[in-house]
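Okay, structure first, notes after.
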Amino acid sequence: MAKILIVDDDVTITELMKALVLMDGHEPTIVNDSLLAMETARLTNPDLITLDLMMPGLNGFELCELLRSDPAFVKTPIIIISAKDDTFSRERAFAAGARDYLIKPFDVDEFLERIKFFVTM
């Protein structure tokens with residue numbers, strides 16, 4: 001069972017992702033305020049992190065860079081899950097340290113496959 005940190009300001013999305021992760025046998029932690037994400041990550045030490053890009057406070061790019069600057073999360077897989085479907089956003093996300101990028105609305109099976117891929121590495 002992997003610990004998954006889900007960061008998104010949309011409560012509906014985080015509840016859906018939480019339910020999917022739970023059904024797949026993992027332990028989700030939800031953060032709906034990006035400013036609390038680093039503290040929560042330090043407390044939970046997740047095996048994988050999902051980030052939205054468009055959030056108030058710290059956006060997903062900034063949060064990804066912040067996580068990567070912390071030695072505790074240098075190798076933690078980060079999956080960006082965003083409605084932004086453009087080349088610039090993808091390139092910027094990978095440059096910030098993301099390992100994968102999914103577009104909202106995402107396919108449930110693809111979401112779970114990506115999680116399975118990264119937590120079994």
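Within each chain, counting starts at residue 1; across the structure tokens, chains are named A, B, ... in the order shown, with ligands numbered 1 upward in that order.
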
Practice problem: as a ChimeraX atom specification, list the residues of chain A assigned to alpha helix (DSSP H) by DSSP on the backbone atoms of this structure. | Solution: /A:11-23,37-44,60-69,87-96,108-119

Exercise. Would you kindly return, as a VMD selection string, each protein, DNA or RNA residue with an atom no farther than 12 Å from any atom of Ile49 in chain A, considering only C-alpha atoms and excluding same-chain residues fewer than 4 positions away?
Key: chain A and resid 2 to 8 17 21 27 to 31 37 to 38 40 to 42 44 to 45 60 63 to 64 67 to 68 73 to 81 97 to 101 114 to 115 118 to 119

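Note that the spacing between CA of Phe61 in chain A and CA of Phe111 in chain A amounts to 19.9 Å.
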
Quiz item: If you run DSSP on the backbone, which residues of chain A are strand (DSSP E), as number ranges by chain?
Solution: A: 3-7, 27-31, 48-51, 78-82, 100-103

Output N, CA and C atoms for every residue in that selection, as a tab-separated table (two decimals), in the first residue's frame.
```tsv
chain	number	residue	atom	x	y	z
A	3	LYS	N	1.49	5.45	0.01
A	3	LYS	CA	0.92	6.69	0.53
A	3	LYS	C	0.92	7.71	-0.62
A	4	ILE	N	-0.28	8.22	-0.95
A	4	ILE	CA	-0.45	9.14	-2.07
A	4	ILE	C	-0.92	10.48	-1.53
A	5	LEU	N	-0.18	11.55	-1.82
A	5	LEU	CA	-0.58	12.91	-1.47
A	5	LEU	C	-1.25	13.53	-2.68
A	6	ILE	N	-2.51	13.96	-2.52
A	6	ILE	CA	-3.30	14.55	-3.59
A	6	ILE	C	-3.48	16.03	-3.29
A	7	VAL	N	-2.95	16.90	-4.16
A	7	VAL	CA	-3.03	18.34	-3.95
A	7	VAL	C	-3.82	18.98	-5.09
A	27	GLU	N	-3.18	4.53	0.41
A	27	GLU	CA	-3.53	5.42	1.51
A	27	GLU	C	-3.43	6.88	1.04
A	28	PRO	N	-4.59	7.50	0.74
A	28	PRO	CA	-4.55	8.89	0.25
A	28	PRO	C	-4.56	9.92	1.38
A	29	THR	N	-3.91	11.03	1.11
A	29	THR	CA	-4.01	12.23	1.94
A	29	THR	C	-4.35	13.36	1.00
A	30	ILE	N	-5.37	14.14	1.36
A	30	ILE	CA	-5.84	15.23	0.51
A	30	ILE	C	-5.41	16.57	1.10
A	31	VAL	N	-4.99	17.47	0.20
A	31	VAL	CA	-4.71	18.85	0.58
A	31	VAL	C	-5.40	19.74	-0.45
A	48	LEU	N	4.09	9.00	-3.51
A	48	LEU	CA	3.75	9.63	-4.78
A	48	LEU	C	2.91	10.87	-4.47
A	49	ILE	N	3.07	11.90	-5.30
A	49	ILE	CA	2.33	13.15	-5.13
A	49	ILE	C	1.64	13.49	-6.44
A	50	THR	N	0.36	13.88	-6.37
A	50	THR	CA	-0.32	14.42	-7.54
A	50	THR	C	-0.57	15.90	-7.28
A	51	LEU	N	-0.36	16.72	-8.31
A	51	LEU	CA	-0.53	18.17	-8.19
A	51	LEU	C	-1.38	18.71	-9.32
A	78	ILE	N	6.15	12.75	-8.93
A	78	ILE	CA	5.11	13.78	-8.94
A	78	ILE	C	4.39	13.69	-10.28
A	79	ILE	N	3.07	13.53	-10.20
A	79	ILE	CA	2.23	13.50	-11.39
A	79	ILE	C	1.39	14.77	-11.40
A	80	ILE	N	1.53	15.56	-12.46
A	80	ILE	CA	0.67	16.73	-12.65
A	80	ILE	C	-0.64	16.25	-13.25
A	81	ILE	N	-1.75	16.71	-12.67
A	81	ILE	CA	-3.07	16.39	-13.20
A	81	ILE	C	-3.79	17.72	-13.38
A	82	SER	N	-3.94	18.15	-14.63
A	82	SER	CA	-4.40	19.50	-14.92
A	82	SER	C	-5.31	19.56	-16.14
A	100	ASP	N	5.27	12.88	-14.64
A	100	ASP	CA	4.19	12.51	-15.55
A	100	ASP	C	3.18	13.65	-15.58
A	101	TYR	N	2.28	13.59	-16.58
A	101	TYR	CA	1.32	14.67	-16.79
A	101	TYR	C	0.04	14.07	-17.34
A	102	LEU	N	-1.07	14.23	-16.62
A	102	LEU	CA	-2.38	13.77	-17.07
A	102	LEU	C	-3.30	14.96	-17.27
A	103	ILE	N	-4.18	14.84	-18.26
A	103	ILE	CA	-5.13	15.92	-18.57
A	103	ILE	C	-6.48	15.61	-17.92
```

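Of the residues listed (A:Leu66, A:Ala96, A:Ile13, A:Leu20), A:Leu20 shows the shortest atom-to-atom separation from Glu110 in chain A; distances use only C-alpha atoms.
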
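Of the residues listed (A:Ala72, A:Ala19, A:Leu43, A:Asp9), A:Asp9 shows the shortest atom-to-atom separation from Leu58 in chain A; distances use only C-alpha atoms.
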
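The residue that comes closest to Leu35 in chain A, out of A:Asp107, A:Asp85, A:Glu62, A:Glu91 and on the basis of only C-alpha atoms, is A:Glu62.
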
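Residue nearest Pro105 in chain A, chosen from A:Glu65, A:Glu39, A:Asp52, A:Asp47 and counting only C-alpha atoms: A:Asp52.
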
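Ranking A:Lys104, A:Phe117, A:Arg92, A:Asp70 by their shortest atom-to-atom distance to Asp10 in chain A, with only C-alpha atoms included, puts A:Lys104 first.
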
Quiz item: To one decimal place, how far is CA of Met55 in chain A from CA of Ser34 in chain A in Å?
Solution: 6.9 Å

Quiz item: Please, what distance in Å, to one decimal, runs between CA of Lys18 in chain A and CA of Ala93 in chain A?
Solution: 22.6 Å

Practice problem: Name all residues at most 6 Å from Gly25 in chain A (count only C-alpha atoms; drop same-chain ones fewer than 2 positions away) and give them as a PyMOL selection string. | Solution: chain A and resi 1+22-23

For the selection just defined, write its residues with N, CA, C and O atoms to a file, as a PDB file, in the first residue's frame.
```pdb
ATOM      1  N   MET A   1       0.850  -1.179   0.000  1.00  0.00           N
ATOM      2  CA  MET A   1       0.000   0.000   0.000  1.00  0.00           C
ATOM      3  C   MET A   1       0.893   1.238   0.000  1.00  0.00           C
ATOM      4  O   MET A   1       1.739   1.404   0.859  1.00  0.00           O
ATOM      5  N   LEU A  22      -8.191   4.838  -2.736  1.00  0.00           N
ATOM      6  CA  LEU A  22      -8.592   3.910  -1.679  1.00  0.00           C
ATOM      7  C   LEU A  22      -9.037   2.573  -2.260  1.00  0.00           C
ATOM      8  O   LEU A  22      -8.642   1.507  -1.771  1.00  0.00           O
ATOM      9  N   MET A  23      -9.858   2.617  -3.317  1.00  0.00           N
ATOM     10  CA  MET A  23     -10.333   1.382  -3.953  1.00  0.00           C
ATOM     11  C   MET A  23      -9.182   0.563  -4.522  1.00  0.00           C
ATOM     12  O   MET A  23      -9.280  -0.658  -4.614  1.00  0.00           O
TER      13      MET A  23
END
```
